[in-house]
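S.K.: Input file: structure35.cif. Contents: mmCIF, C-alpha atoms.
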data_query
loop_
_atom_site.label_atom_id
_atom_site.label_comp_id
_atom_site.auth_asym_id
_atom_site.auth_seq_id
_atom_site.Cartn_x
_atom_site.Cartn_y
_atom_site.Cartn_z
CA MET E 1 0.00 0.00 0.00
CA THR E 2 1.38 3.39 -1.03
CA THR E 3 1.70 5.92 1.78
CA GLU E 4 1.79 9.58 0.86
CA LYS E 5 1.14 12.06 3.62
CA SER E 6 2.30 15.59 4.32
CA GLU E 7 1.39 18.41 6.69
CA MET E 8 2.75 21.94 6.92
CA TRP E 9 2.77 24.53 9.70
CA CYS E 10 3.89 28.15 9.97
CA ALA E 11 5.45 29.72 13.08
CA THR E 12 4.46 33.29 12.26
CA HIS E 13 6.35 34.81 15.22
CA LEU E 14 9.61 33.27 13.95
CA ASN E 15 9.80 35.21 10.69
CA ASN E 16 7.03 33.02 9.22
CA LEU E 17 9.12 29.88 9.63
CA ALA E 18 7.54 27.05 7.62
CA LEU E 19 7.70 23.45 8.82
CA LEU E 20 6.85 20.25 6.97
CA LYS E 21 6.38 16.68 8.16
CA ALA E 22 5.89 14.17 5.38
CA THR E 23 5.89 10.48 4.51
CA TYR E 24 6.51 9.66 0.84
CA THR E 25 6.76 6.39 -1.05
CA THR E 26 6.49 7.19 -4.76
CA TYR E 27 6.29 10.98 -4.63
CA ALA E 28 9.41 12.67 -6.01
CA TYR E 29 10.27 16.37 -5.98
CA LYS E 30 11.09 17.93 -9.31
CA ARG E 31 14.51 19.52 -9.51
CA HIS E 32 14.21 23.07 -8.22
CA PHE E 33 15.80 25.68 -5.99
CA HIS E 34 14.65 28.34 -3.53
CA ASP E 35 16.00 31.43 -1.79
CA TYR E 36 15.80 30.02 1.76
CA PHE E 37 17.31 27.05 3.58
CA ALA E 38 15.74 23.59 3.78
CA ILE E 39 16.97 21.71 6.86
CA GLY E 40 15.50 18.37 7.79
CA VAL E 41 15.93 15.08 9.63
CA ILE E 42 15.09 11.65 8.23
CA GLU E 43 12.97 9.93 10.87
CA ASP E 44 12.35 6.63 9.12
CA GLY E 45 13.39 4.99 5.87
CA VAL E 46 16.05 6.27 3.48
CA GLN E 47 16.02 9.43 1.38
CA THR E 48 17.99 10.10 -1.78
CA PHE E 49 18.45 13.45 -3.47
CA SER E 50 20.70 15.24 -5.89
CA CYS E 51 22.16 18.60 -4.97
CA ASN E 52 24.00 20.57 -7.62
CA SER E 53 26.03 17.85 -9.40
CA ALA E 54 26.17 15.14 -6.72
CA GLN E 55 23.82 12.38 -5.53
CA TYR E 56 23.31 11.66 -1.82
CA VAL E 57 21.71 8.88 0.22
CA ASN E 58 20.49 9.82 3.67
CA PRO E 59 19.39 7.11 6.16
CA ALA E 60 17.24 7.51 9.26
CA GLY E 61 18.83 9.92 11.72
CA GLY E 62 20.63 11.83 9.00
CA ILE E 63 20.33 15.60 8.63
CA PHE E 64 20.19 17.30 5.24
CA ILE E 65 20.90 20.96 4.52
CA ILE E 66 19.90 22.52 1.19
CA GLN E 67 21.29 26.03 0.94
CA PRO E 68 19.67 28.90 -0.94
CA GLY E 69 20.25 28.70 -4.68
CA GLU E 70 21.23 25.00 -4.72
CA ALA E 71 19.35 22.96 -7.35
CA HIS E 72 18.01 19.75 -5.82
CA ASP E 73 15.31 17.08 -5.92
CA GLY E 74 14.33 14.29 -3.50
CA GLN E 75 12.54 10.97 -3.10
CA SER E 76 12.65 7.62 -1.31
CA ALA E 77 15.82 5.64 -1.93
CA THR E 78 13.94 2.33 -1.70
CA ASP E 79 10.58 0.82 -2.66
CA THR E 80 9.25 1.66 0.79
CA SER E 81 8.40 5.00 2.34
CA PHE E 82 10.57 7.48 4.17
CA THR E 83 9.46 10.05 6.75
CA TYR E 84 11.11 13.37 7.47
CA SER E 85 10.65 16.65 9.33
CA VAL E 86 11.87 19.83 7.66
CA PHE E 87 12.41 23.52 8.53
CA TYR E 88 12.53 26.32 5.95
CA PRO E 89 14.33 29.21 7.71
CA GLN E 90 15.12 32.48 5.96
CA VAL E 91 18.69 33.60 5.31
CA ASP E 92 18.41 36.53 7.72
CA ASP E 93 17.42 34.13 10.54
CA PHE E 94 20.81 32.45 10.29
CA GLN E 95 22.63 35.74 9.81
CA ARG E 96 21.04 37.19 12.93
CA ILE E 97 21.89 34.17 15.10
CA ALA E 98 25.45 34.05 13.75
CA HIS E 99 25.85 37.76 14.53
CA GLU E 100 24.55 37.23 18.07
CA MET E 101 27.11 34.45 18.47
CA GLY E 102 29.86 36.90 17.60
CA SER E 103 30.36 36.31 13.88
CA LYS E 104 31.84 39.30 12.05
CA SER E 105 30.82 38.01 8.62
CA SER E 106 27.91 39.67 6.84
CA GLY E 107 27.67 36.96 4.17
CA LEU E 108 25.49 33.89 3.87
CA PRO E 109 26.26 31.22 6.51
CA ALA E 110 27.51 28.22 4.57
CA PHE E 111 27.71 24.51 5.33
CA ASN E 112 30.35 22.29 3.78
CA ARG E 113 28.20 19.23 3.02
CA PRO E 114 24.50 18.57 2.35
CA VAL E 115 24.27 15.45 4.58
CA ILE E 116 25.35 15.41 8.22
CA GLN E 117 25.42 12.50 10.66
CA ASP E 118 25.05 14.02 14.14
CA LYS E 119 22.75 12.10 16.48
CA ALA E 120 22.67 14.77 19.19
CA LEU E 121 21.77 17.50 16.74
CA SER E 122 19.15 15.28 15.05
CA LYS E 123 17.42 14.91 18.41
CA ARG E 124 17.56 18.68 18.97
CA LEU E 125 16.06 19.39 15.56
CA LEU E 126 13.25 16.87 16.01
CA HIS E 127 12.50 18.27 19.46
CA LEU E 128 12.35 21.79 18.04
CA HIS E 129 10.01 20.62 15.28
CA GLN E 130 7.69 19.08 17.88
CA VAL E 131 7.80 22.17 20.12
CA LEU E 132 6.89 24.46 17.22
CA ARG E 133 4.01 22.22 16.09
CA GLN E 134 2.43 22.21 19.54
CA ASN E 135 0.77 24.95 21.52
CA THR E 136 3.81 25.45 23.75
CA PRO E 137 4.65 28.82 25.35
CA ARG E 138 6.17 31.43 23.07
CA LEU E 139 9.23 31.72 25.31
CA GLU E 140 9.98 28.01 24.94
CA GLN E 141 9.57 28.13 21.17
CA ASP E 142 11.77 31.21 20.76
CA SER E 143 14.47 29.75 23.00
CA ALA E 144 14.52 26.34 21.34
CA PHE E 145 14.71 27.93 17.88
CA ILE E 146 17.75 30.06 18.70
CA ASP E 147 19.52 27.37 20.74
CA THR E 148 19.06 24.64 18.11
CA PHE E 149 20.19 26.65 15.11
CA ALA E 150 23.07 28.16 17.06
CA GLN E 151 24.26 24.60 17.70
CA LEU E 152 23.93 23.81 14.00
CA LEU E 153 26.06 26.84 13.10
CA TYR E 154 28.65 26.10 15.77
CA ARG E 155 29.02 22.43 14.89
CA HIS E 156 28.74 22.42 11.11
CA ALA E 157 29.04 25.85 9.47
CA VAL E 158 32.12 26.42 7.30
CA ASP E 159 33.09 29.53 9.24
CA HIS E 160 31.47 28.50 12.48
CA PRO E 161 31.05 31.28 15.03
CA GLN E 162 32.47 30.71 18.48
CA PHE E 163 30.58 31.12 21.73
CA GLU E 164 31.56 34.41 23.31
CA THR E 165 32.51 34.55 26.98
CA VAL E 166 29.55 34.85 29.34
CA HIS E 167 30.08 37.32 32.15
CA LYS E 168 28.48 37.34 35.57
CA GLU E 169 25.34 39.45 35.33
CA SER E 170 23.62 38.88 38.66
CA GLN E 171 21.80 42.22 38.89
CA THR E 172 20.30 42.04 35.42
CA VAL E 173 19.34 38.39 35.85
CA ALA E 174 17.61 39.29 39.14
CA ARG E 175 15.62 41.93 37.25
CA LEU E 176 14.71 39.38 34.60
CA ARG E 177 13.53 36.93 37.22
CA SER E 178 11.35 39.63 38.78
CA TYR E 179 9.93 40.49 35.36
CA ILE E 180 9.01 36.85 34.71
CA GLU E 181 7.47 36.53 38.18
CA ASP E 182 5.37 39.67 37.58
CA HIS E 183 4.20 38.56 34.12
CA TYR E 184 4.00 34.78 34.51
CA ALA E 185 0.43 34.60 33.19
CA ASP E 186 1.46 36.28 29.91
CA ASP E 187 2.83 34.55 26.82
CA ILE E 188 6.21 36.29 27.15
CA PRO E 189 8.32 36.41 23.97
CA LEU E 190 12.08 36.10 24.31
CA SER E 191 12.45 39.41 22.47
CA ASP E 192 10.67 41.21 25.33
CA LEU E 193 13.15 39.83 27.86
CA ALA E 194 16.06 40.70 25.59
CA ARG E 195 14.90 44.33 25.23
CA TYR E 196 14.34 44.56 28.98
CA ALA E 197 17.92 43.39 29.64
CA ASN E 198 19.39 45.22 26.63
CA TRP E 199 21.03 41.98 25.50
CA SER E 200 20.78 39.83 22.39
CA PRO E 201 18.40 36.87 22.81
CA PHE E 202 21.31 34.43 22.40
CA TYR E 203 23.41 36.07 25.11
CA LEU E 204 20.40 36.26 27.43
CA LEU E 205 19.76 32.52 27.11
CA ARG E 206 23.36 31.68 27.99
CA VAL E 207 23.64 34.11 30.92
CA PHE E 208 20.27 33.21 32.42
CA HIS E 209 20.96 29.48 32.27
CA GLN E 210 24.43 29.93 33.77
CA GLU E 211 23.21 31.96 36.74
CA VAL E 212 19.82 30.35 37.43
CA GLY E 213 20.51 26.78 36.37
CA LEU E 214 17.42 26.81 34.14
CA PRO E 215 16.57 28.40 30.80
CA PRO E 216 14.02 31.25 31.02
CA HIS E 217 11.09 29.15 29.78
CA ALA E 218 11.69 26.50 32.46
CA TYR E 219 11.92 29.21 35.11
CA LEU E 220 8.61 30.64 33.85
CA GLU E 221 6.95 27.23 34.03
CA SER E 222 8.23 26.73 37.58
CA ILE E 223 6.67 30.06 38.62
CA ARG E 224 3.39 29.10 36.98
CA ILE E 225 3.28 25.74 38.77
CA ARG E 226 3.93 27.38 42.14
CA ALA E 227 1.12 29.88 41.51
CA ALA E 228 -1.17 27.00 40.57
CA GLN E 229 -0.31 25.17 43.80
CA ARG E 230 -1.51 28.17 45.80
CA LEU E 231 -4.75 28.41 43.79
CA LEU E 232 -5.39 24.69 44.22
CA GLU E 233 -5.68 25.31 47.95
CA GLY E 234 -9.02 26.94 47.15
CA GLU E 235 -12.02 25.74 45.19
CA ARG E 236 -11.53 27.41 41.80
CA PRO E 237 -12.28 25.13 38.82
CA LEU E 238 -9.14 23.55 37.36
CA VAL E 239 -9.78 25.04 33.94
CA ASP E 240 -9.87 28.54 35.46
CA ILE E 241 -6.61 27.90 37.30
CA ALA E 242 -5.00 26.67 34.09
CA PHE E 243 -5.78 29.85 32.17
CA GLU E 244 -5.13 32.16 35.11
CA THR E 245 -1.60 30.78 35.46
CA GLY E 246 -0.79 31.08 31.74
CA PHE E 247 -1.37 27.56 30.47
CA SER E 248 -3.02 27.18 27.07
CA SER E 249 -5.44 24.45 28.17
CA GLN E 250 -6.39 22.30 31.12
CA SER E 251 -4.61 19.31 29.57
CA HIS E 252 -1.43 21.35 29.11
CA PHE E 253 -1.69 22.45 32.74
CA THR E 254 -2.28 18.88 33.96
CA ASN E 255 0.67 17.47 32.03
CA ALA E 256 3.04 20.22 33.19
CA PHE E 257 1.88 19.96 36.81
CA LYS E 258 2.43 16.21 36.85
CA ARG E 259 5.94 16.59 35.39
CA PHE E 260 6.88 19.03 38.18
CA ILE E 261 4.95 17.69 41.20
CA GLY E 262 4.49 14.01 40.34
CA ILE E 263 0.69 13.96 40.61
CA THR E 264 -2.22 15.61 38.78
CA PRO E 265 -3.69 18.95 39.96
CA GLY E 266 -6.91 17.18 40.97
CA ARG E 267 -5.05 14.67 43.09
CA TYR E 268 -2.93 17.43 44.61
CA ARG E 269 -6.06 19.35 45.58
CA ALA E 270 -7.65 16.26 47.10
CA ILE E 271 -4.56 15.55 49.19
CA PHE E 272 -4.24 19.17 50.29
CA CYS E 273 -7.90 19.48 51.23
CA LYS E 274 -7.82 16.26 53.23
CA THR E 275 -4.66 17.42 54.98
CA ARG E 276 -6.34 20.69 55.86
CA GLU E 277 -9.48 18.93 57.09
CA ASP E 278 -7.37 16.68 59.33
CA ASP E 279 -5.49 19.73 60.71
CA LEU E 280 -2.19 18.35 59.50
CA THR E 281 0.78 20.49 58.56
CA TYR E 282 1.41 20.78 54.81
CA THR E 283 5.11 20.21 54.19
CA HIS E 284 5.46 19.76 50.41
#
Can I see the file as structure tokens?

M.R.:
Amino acid sequence: MTTEKSEMWCATHLNNLALLKATYTTYAYKRHFHDYFAIGVIEDGVQTFSCNSAQYVNPAGGIFIIQPGEAHDGQSATDTSFTYSVFYPQVDDFQRIAHEMGSKSSGLPAFNRPVIQDKALSKRLLHLHQVLRQNTPRLEQDSAFIDTFAQLLYRHAVDHPQFETVHKESQTVARLRSYIEDHYADDIPLSDLARYANWSPFYLLRVFHQEVGLPPHAYLESIRIRAAQRLLEGERPLVDIAFETGFSSQSHFTNAFKRFIGITPGRYRAIFCKTREDDLTYTH
């Protein structure tokens, strides 16, 4: 049975970043080119494609990078299907991240081969793809986007930018923490935090993680969970608590709460209320 399936998304807040997830068996791309990057990971099966004058075979786990202006095609390398997840970032996305990493070049970031075998980076790219497809907080999406593509540039660009030294910035980080605590119910973009600190988004991510031990989005989620714990001591409906503490849905709230606390919000409330009724001291 022939399997042909594809779905596309657009992360509008990330310079209209397009994403594709597809499974193809007989479908083959015509030879073409475009003025943006195509960066993907083969999840299952084997892909083959020509790029400029060479032919490549890319097995599961492999990363491919088609650079702007490169003529290419693509299809399954076997009689069975292959599945892949792809990003289509603009040139200026890479240029901006490279500049924030300290690159002095104003040209197009280049990669020295179209197929890369890098298991750690494959996992990062697939995680980013999943994060951007889901209704995750804006701060998490922004952070994962910059962090993942910075790693790609650092590990595989021809003139790979180096990571600049991170200085101790305790006062500014304290201000950032206060800002997150005051706005935890909002869908905070990374750009807002960067403007508030007067830093680049890339530098902010590195400094914040170094000083706090968590990236900003994880710190935000921790604050939201603590606020939810306090509200669960009352009788507000769970769905109201979810939205009041910045979660996109009750299911998102429940899943996050269980990851942090180990039990569901409903179970937490039941335990807390029973503890209160029995006049026991709450020590969690």

S.K.: Pick out the residues sitting within 12 Å of Glu7 (chain E), and hand them over as a PyMOL selection string; count all atoms listed in the file, and ignore anything fewer than 6 positions along from it in its own chain.

M.R.: chain E and resi 18-24+83-86+133

S.K.: Give me, as number ranges by chain, all polymer residues having an atom no more than 10 Å from Gln229 (chain E), counting all atoms listed in the file and skipping those fewer than 3 positions away in the same chain.

M.R.: E: 223-226, 232-234, 241, 257, 261, 265, 268-269, 272

S.K.: Spell out the residues picked by the PyMOL selection byres ((chain E and resi 42-50) around 7) here, as JSON, numbers by chain.

M.R.: {"E": [40, 41, 51, 52, 53, 54, 55, 56, 57, 58, 59, 60, 61, 62, 63, 72, 73, 74, 75, 76, 77, 78, 81, 82, 83, 84, 85]}

S.K.: Would you kindly return, as an MDAnalysis selection string, each protein, DNA or RNA residue with an atom no farther than 9 Å from any atom of region 136-153 of chain E, considering only C-alpha atoms and excluding same-chain residues fewer than 6 positions away?

M.R.: chainID E and resid 13:14 94 97:98 101 109:111 121 124:125 127:128 159:161 187:191 201:202 205 215:218 220 246:248 252

S.K.: List the residues matched by the PyMOL selection byres ((chain E and resi 90) around 8) in the displayed structure as a PyMOL selection string, ordered by chain and then by residue number.

M.R.: chain E and resi 15+17+35-37+88-89+91-94

S.K.: Under the rule that all atoms listed in the file are counted, which of E:Ala227, E:Ala71, E:Leu108, E:Ala270 is the nearest residue to Glu244 (chain E)?

M.R.: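 Once distances to Glu244 (chain E) are computed over all atoms listed in the file, the minimum belongs to E:Ala227.
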
S.K.: Could you state the separation of CA of Val166 (chain E) and CA of Arg206 (chain E) in Å, given to one decimal place?

M.R.: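 Distance between the two atoms: 7.1 Å.
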
S.K.: Point out the residue among E:Ala38, E:Ala194, E:Val239, E:Ala11 with the least atom-to-atom distance to Phe64 (chain E), counting all atoms listed in the file.

M.R.: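 Checking each candidate against Phe64 (chain E), we get E:Ala38 as the closest.
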
S.K.: In Å to one decimal, how far is CA of Ser103 (chain E) from CA of Phe208 (chain E)?

M.R.: 21.3 Å

S.K.: When you draw a straight line from CA of Thr3 (chain E) to CA of Thr80 (chain E), how long is it in Å?

M.R.: 8.7 Å

S.K.: If the box runs along x, y and z of the file and leaves 3 Å on each side of region 99-115 of chain E, what are its centre and edge lengths in Å, one decimal, as AutoDock Vina command-line options?

M.R.:
--center_x 28.1 --center_y 27.6 --center_z 10.4 --size_x 13.6 --size_y 30.2 --size_z 22.1

S.K.: On this file, the PyMOL selection byres ((chain E and resi 177) around 10) gives some set of residues; write that set as a list in words.

M.R.: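 So the PyMOL selection byres ((chain E and resi 177) around 10), applied here, picks out Gln171, Thr172, Val173, Ala174, Arg175, Leu176, Ser178, Tyr179, Ile180, Glu181, Asp182, His183, Leu193, Phe208, Val212, Pro216, Tyr219, Leu220 and Ile223 of chain E.
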
S.K.: Is it possible to dump region 51-178 of chain E as a PDB file, in the first residue's frame, including just C-alpha atoms?

M.R.:
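The result, written out as part13.pdb:
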ATOM      1  CA  CYS E  51      22.162  18.601  -4.970  1.00  0.00           C
ATOM      2  CA  ASN E  52      23.997  20.573  -7.621  1.00  0.00           C
ATOM      3  CA  SER E  53      26.033  17.848  -9.399  1.00  0.00           C
ATOM      4  CA  ALA E  54      26.173  15.135  -6.719  1.00  0.00           C
ATOM      5  CA  GLN E  55      23.817  12.383  -5.529  1.00  0.00           C
ATOM      6  CA  TYR E  56      23.311  11.658  -1.816  1.00  0.00           C
ATOM      7  CA  VAL E  57      21.709   8.879   0.217  1.00  0.00           C
ATOM      8  CA  ASN E  58      20.488   9.825   3.667  1.00  0.00           C
ATOM      9  CA  PRO E  59      19.390   7.113   6.156  1.00  0.00           C
ATOM     10  CA  ALA E  60      17.237   7.510   9.263  1.00  0.00           C
ATOM     11  CA  GLY E  61      18.830   9.923  11.722  1.00  0.00           C
ATOM     12  CA  GLY E  62      20.632  11.834   8.997  1.00  0.00           C
ATOM     13  CA  ILE E  63      20.333  15.602   8.626  1.00  0.00           C
ATOM     14  CA  PHE E  64      20.187  17.301   5.245  1.00  0.00           C
ATOM     15  CA  ILE E  65      20.902  20.963   4.516  1.00  0.00           C
ATOM     16  CA  ILE E  66      19.904  22.515   1.193  1.00  0.00           C
ATOM     17  CA  GLN E  67      21.293  26.027   0.942  1.00  0.00           C
ATOM     18  CA  PRO E  68      19.671  28.901  -0.938  1.00  0.00           C
ATOM     19  CA  GLY E  69      20.251  28.697  -4.679  1.00  0.00           C
ATOM     20  CA  GLU E  70      21.232  25.002  -4.724  1.00  0.00           C
ATOM     21  CA  ALA E  71      19.346  22.962  -7.345  1.00  0.00           C
ATOM     22  CA  HIS E  72      18.013  19.753  -5.823  1.00  0.00           C
ATOM     23  CA  ASP E  73      15.310  17.081  -5.925  1.00  0.00           C
ATOM     24  CA  GLY E  74      14.326  14.290  -3.497  1.00  0.00           C
ATOM     25  CA  GLN E  75      12.545  10.970  -3.095  1.00  0.00           C
ATOM     26  CA  SER E  76      12.646   7.617  -1.311  1.00  0.00           C
ATOM     27  CA  ALA E  77      15.824   5.640  -1.934  1.00  0.00           C
ATOM     28  CA  THR E  78      13.941   2.325  -1.704  1.00  0.00           C
ATOM     29  CA  ASP E  79      10.584   0.818  -2.658  1.00  0.00           C
ATOM     30  CA  THR E  80       9.252   1.660   0.794  1.00  0.00           C
ATOM     31  CA  SER E  81       8.398   5.004   2.343  1.00  0.00           C
ATOM     32  CA  PHE E  82      10.566   7.479   4.170  1.00  0.00           C
ATOM     33  CA  THR E  83       9.455  10.052   6.750  1.00  0.00           C
ATOM     34  CA  TYR E  84      11.114  13.371   7.473  1.00  0.00           C
ATOM     35  CA  SER E  85      10.647  16.649   9.327  1.00  0.00           C
ATOM     36  CA  VAL E  86      11.866  19.835   7.656  1.00  0.00           C
ATOM     37  CA  PHE E  87      12.410  23.515   8.527  1.00  0.00           C
ATOM     38  CA  TYR E  88      12.534  26.316   5.955  1.00  0.00           C
ATOM     39  CA  PRO E  89      14.327  29.210   7.707  1.00  0.00           C
ATOM     40  CA  GLN E  90      15.117  32.481   5.960  1.00  0.00           C
ATOM     41  CA  VAL E  91      18.693  33.599   5.315  1.00  0.00           C
ATOM     42  CA  ASP E  92      18.408  36.525   7.720  1.00  0.00           C
ATOM     43  CA  ASP E  93      17.420  34.132  10.538  1.00  0.00           C
ATOM     44  CA  PHE E  94      20.814  32.452  10.291  1.00  0.00           C
ATOM     45  CA  GLN E  95      22.632  35.736   9.808  1.00  0.00           C
ATOM     46  CA  ARG E  96      21.037  37.185  12.934  1.00  0.00           C
ATOM     47  CA  ILE E  97      21.890  34.172  15.101  1.00  0.00           C
ATOM     48  CA  ALA E  98      25.454  34.047  13.755  1.00  0.00           C
ATOM     49  CA  HIS E  99      25.846  37.765  14.525  1.00  0.00           C
ATOM     50  CA  GLU E 100      24.546  37.234  18.070  1.00  0.00           C
ATOM     51  CA  MET E 101      27.111  34.450  18.467  1.00  0.00           C
ATOM     52  CA  GLY E 102      29.855  36.905  17.598  1.00  0.00           C
ATOM     53  CA  SER E 103      30.364  36.314  13.877  1.00  0.00           C
ATOM     54  CA  LYS E 104      31.839  39.295  12.049  1.00  0.00           C
ATOM     55  CA  SER E 105      30.819  38.005   8.621  1.00  0.00           C
ATOM     56  CA  SER E 106      27.906  39.671   6.835  1.00  0.00           C
ATOM     57  CA  GLY E 107      27.670  36.963   4.170  1.00  0.00           C
ATOM     58  CA  LEU E 108      25.494  33.890   3.868  1.00  0.00           C
ATOM     59  CA  PRO E 109      26.261  31.224   6.515  1.00  0.00           C
ATOM     60  CA  ALA E 110      27.513  28.218   4.565  1.00  0.00           C
ATOM     61  CA  PHE E 111      27.713  24.511   5.333  1.00  0.00           C
ATOM     62  CA  ASN E 112      30.354  22.291   3.781  1.00  0.00           C
ATOM     63  CA  ARG E 113      28.198  19.233   3.021  1.00  0.00           C
ATOM     64  CA  PRO E 114      24.496  18.565   2.352  1.00  0.00           C
ATOM     65  CA  VAL E 115      24.268  15.451   4.577  1.00  0.00           C
ATOM     66  CA  ILE E 116      25.351  15.411   8.217  1.00  0.00           C
ATOM     67  CA  GLN E 117      25.418  12.503  10.658  1.00  0.00           C
ATOM     68  CA  ASP E 118      25.049  14.018  14.136  1.00  0.00           C
ATOM     69  CA  LYS E 119      22.745  12.105  16.476  1.00  0.00           C
ATOM     70  CA  ALA E 120      22.668  14.765  19.188  1.00  0.00           C
ATOM     71  CA  LEU E 121      21.767  17.497  16.735  1.00  0.00           C
ATOM     72  CA  SER E 122      19.150  15.277  15.049  1.00  0.00           C
ATOM     73  CA  LYS E 123      17.416  14.907  18.411  1.00  0.00           C
ATOM     74  CA  ARG E 124      17.555  18.676  18.970  1.00  0.00           C
ATOM     75  CA  LEU E 125      16.055  19.389  15.563  1.00  0.00           C
ATOM     76  CA  LEU E 126      13.249  16.872  16.010  1.00  0.00           C
ATOM     77  CA  HIS E 127      12.503  18.265  19.465  1.00  0.00           C
ATOM     78  CA  LEU E 128      12.351  21.787  18.043  1.00  0.00           C
ATOM     79  CA  HIS E 129      10.008  20.618  15.278  1.00  0.00           C
ATOM     80  CA  GLN E 130       7.688  19.084  17.881  1.00  0.00           C
ATOM     81  CA  VAL E 131       7.804  22.173  20.115  1.00  0.00           C
ATOM     82  CA  LEU E 132       6.889  24.463  17.217  1.00  0.00           C
ATOM     83  CA  ARG E 133       4.007  22.221  16.095  1.00  0.00           C
ATOM     84  CA  GLN E 134       2.431  22.211  19.541  1.00  0.00           C
ATOM     85  CA  ASN E 135       0.766  24.948  21.519  1.00  0.00           C
ATOM     86  CA  THR E 136       3.806  25.448  23.754  1.00  0.00           C
ATOM     87  CA  PRO E 137       4.649  28.819  25.351  1.00  0.00           C
ATOM     88  CA  ARG E 138       6.166  31.431  23.069  1.00  0.00           C
ATOM     89  CA  LEU E 139       9.234  31.716  25.309  1.00  0.00           C
ATOM     90  CA  GLU E 140       9.977  28.008  24.945  1.00  0.00           C
ATOM     91  CA  GLN E 141       9.567  28.129  21.166  1.00  0.00           C
ATOM     92  CA  ASP E 142      11.767  31.206  20.762  1.00  0.00           C
ATOM     93  CA  SER E 143      14.470  29.751  23.005  1.00  0.00           C
ATOM     94  CA  ALA E 144      14.520  26.336  21.339  1.00  0.00           C
ATOM     95  CA  PHE E 145      14.707  27.926  17.884  1.00  0.00           C
ATOM     96  CA  ILE E 146      17.750  30.055  18.702  1.00  0.00           C
ATOM     97  CA  ASP E 147      19.516  27.373  20.740  1.00  0.00           C
ATOM     98  CA  THR E 148      19.061  24.642  18.107  1.00  0.00           C
ATOM     99  CA  PHE E 149      20.191  26.651  15.105  1.00  0.00           C
ATOM    100  CA  ALA E 150      23.075  28.162  17.064  1.00  0.00           C
ATOM    101  CA  GLN E 151      24.260  24.600  17.695  1.00  0.00           C
ATOM    102  CA  LEU E 152      23.927  23.812  13.997  1.00  0.00           C
ATOM    103  CA  LEU E 153      26.056  26.837  13.096  1.00  0.00           C
ATOM    104  CA  TYR E 154      28.651  26.099  15.768  1.00  0.00           C
ATOM    105  CA  ARG E 155      29.023  22.427  14.886  1.00  0.00           C
ATOM    106  CA  HIS E 156      28.737  22.421  11.107  1.00  0.00           C
ATOM    107  CA  ALA E 157      29.037  25.854   9.467  1.00  0.00           C
ATOM    108  CA  VAL E 158      32.118  26.416   7.298  1.00  0.00           C
ATOM    109  CA  ASP E 159      33.093  29.529   9.242  1.00  0.00           C
ATOM    110  CA  HIS E 160      31.470  28.502  12.478  1.00  0.00           C
ATOM    111  CA  PRO E 161      31.052  31.285  15.030  1.00  0.00           C
ATOM    112  CA  GLN E 162      32.469  30.714  18.482  1.00  0.00           C
ATOM    113  CA  PHE E 163      30.585  31.119  21.733  1.00  0.00           C
ATOM    114  CA  GLU E 164      31.560  34.415  23.308  1.00  0.00           C
ATOM    115  CA  THR E 165      32.507  34.553  26.984  1.00  0.00           C
ATOM    116  CA  VAL E 166      29.547  34.853  29.335  1.00  0.00           C
ATOM    117  CA  HIS E 167      30.075  37.323  32.150  1.00  0.00           C
ATOM    118  CA  LYS E 168      28.480  37.335  35.573  1.00  0.00           C
ATOM    119  CA  GLU E 169      25.339  39.447  35.325  1.00  0.00           C
ATOM    120  CA  SER E 170      23.620  38.881  38.655  1.00  0.00           C
ATOM    121  CA  GLN E 171      21.798  42.217  38.892  1.00  0.00           C
ATOM    122  CA  THR E 172      20.296  42.036  35.424  1.00  0.00           C
ATOM    123  CA  VAL E 173      19.339  38.391  35.850  1.00  0.00           C
ATOM    124  CA  ALA E 174      17.615  39.291  39.142  1.00  0.00           C
ATOM    125  CA  ARG E 175      15.619  41.933  37.250  1.00  0.00           C
ATOM    126  CA  LEU E 176      14.706  39.384  34.598  1.00  0.00           C
ATOM    127  CA  ARG E 177      13.527  36.934  37.225  1.00  0.00           C
ATOM    128  CA  SER E 178      11.347  39.629  38.785  1.00  0.00           C
TER     129      SER E 178
END
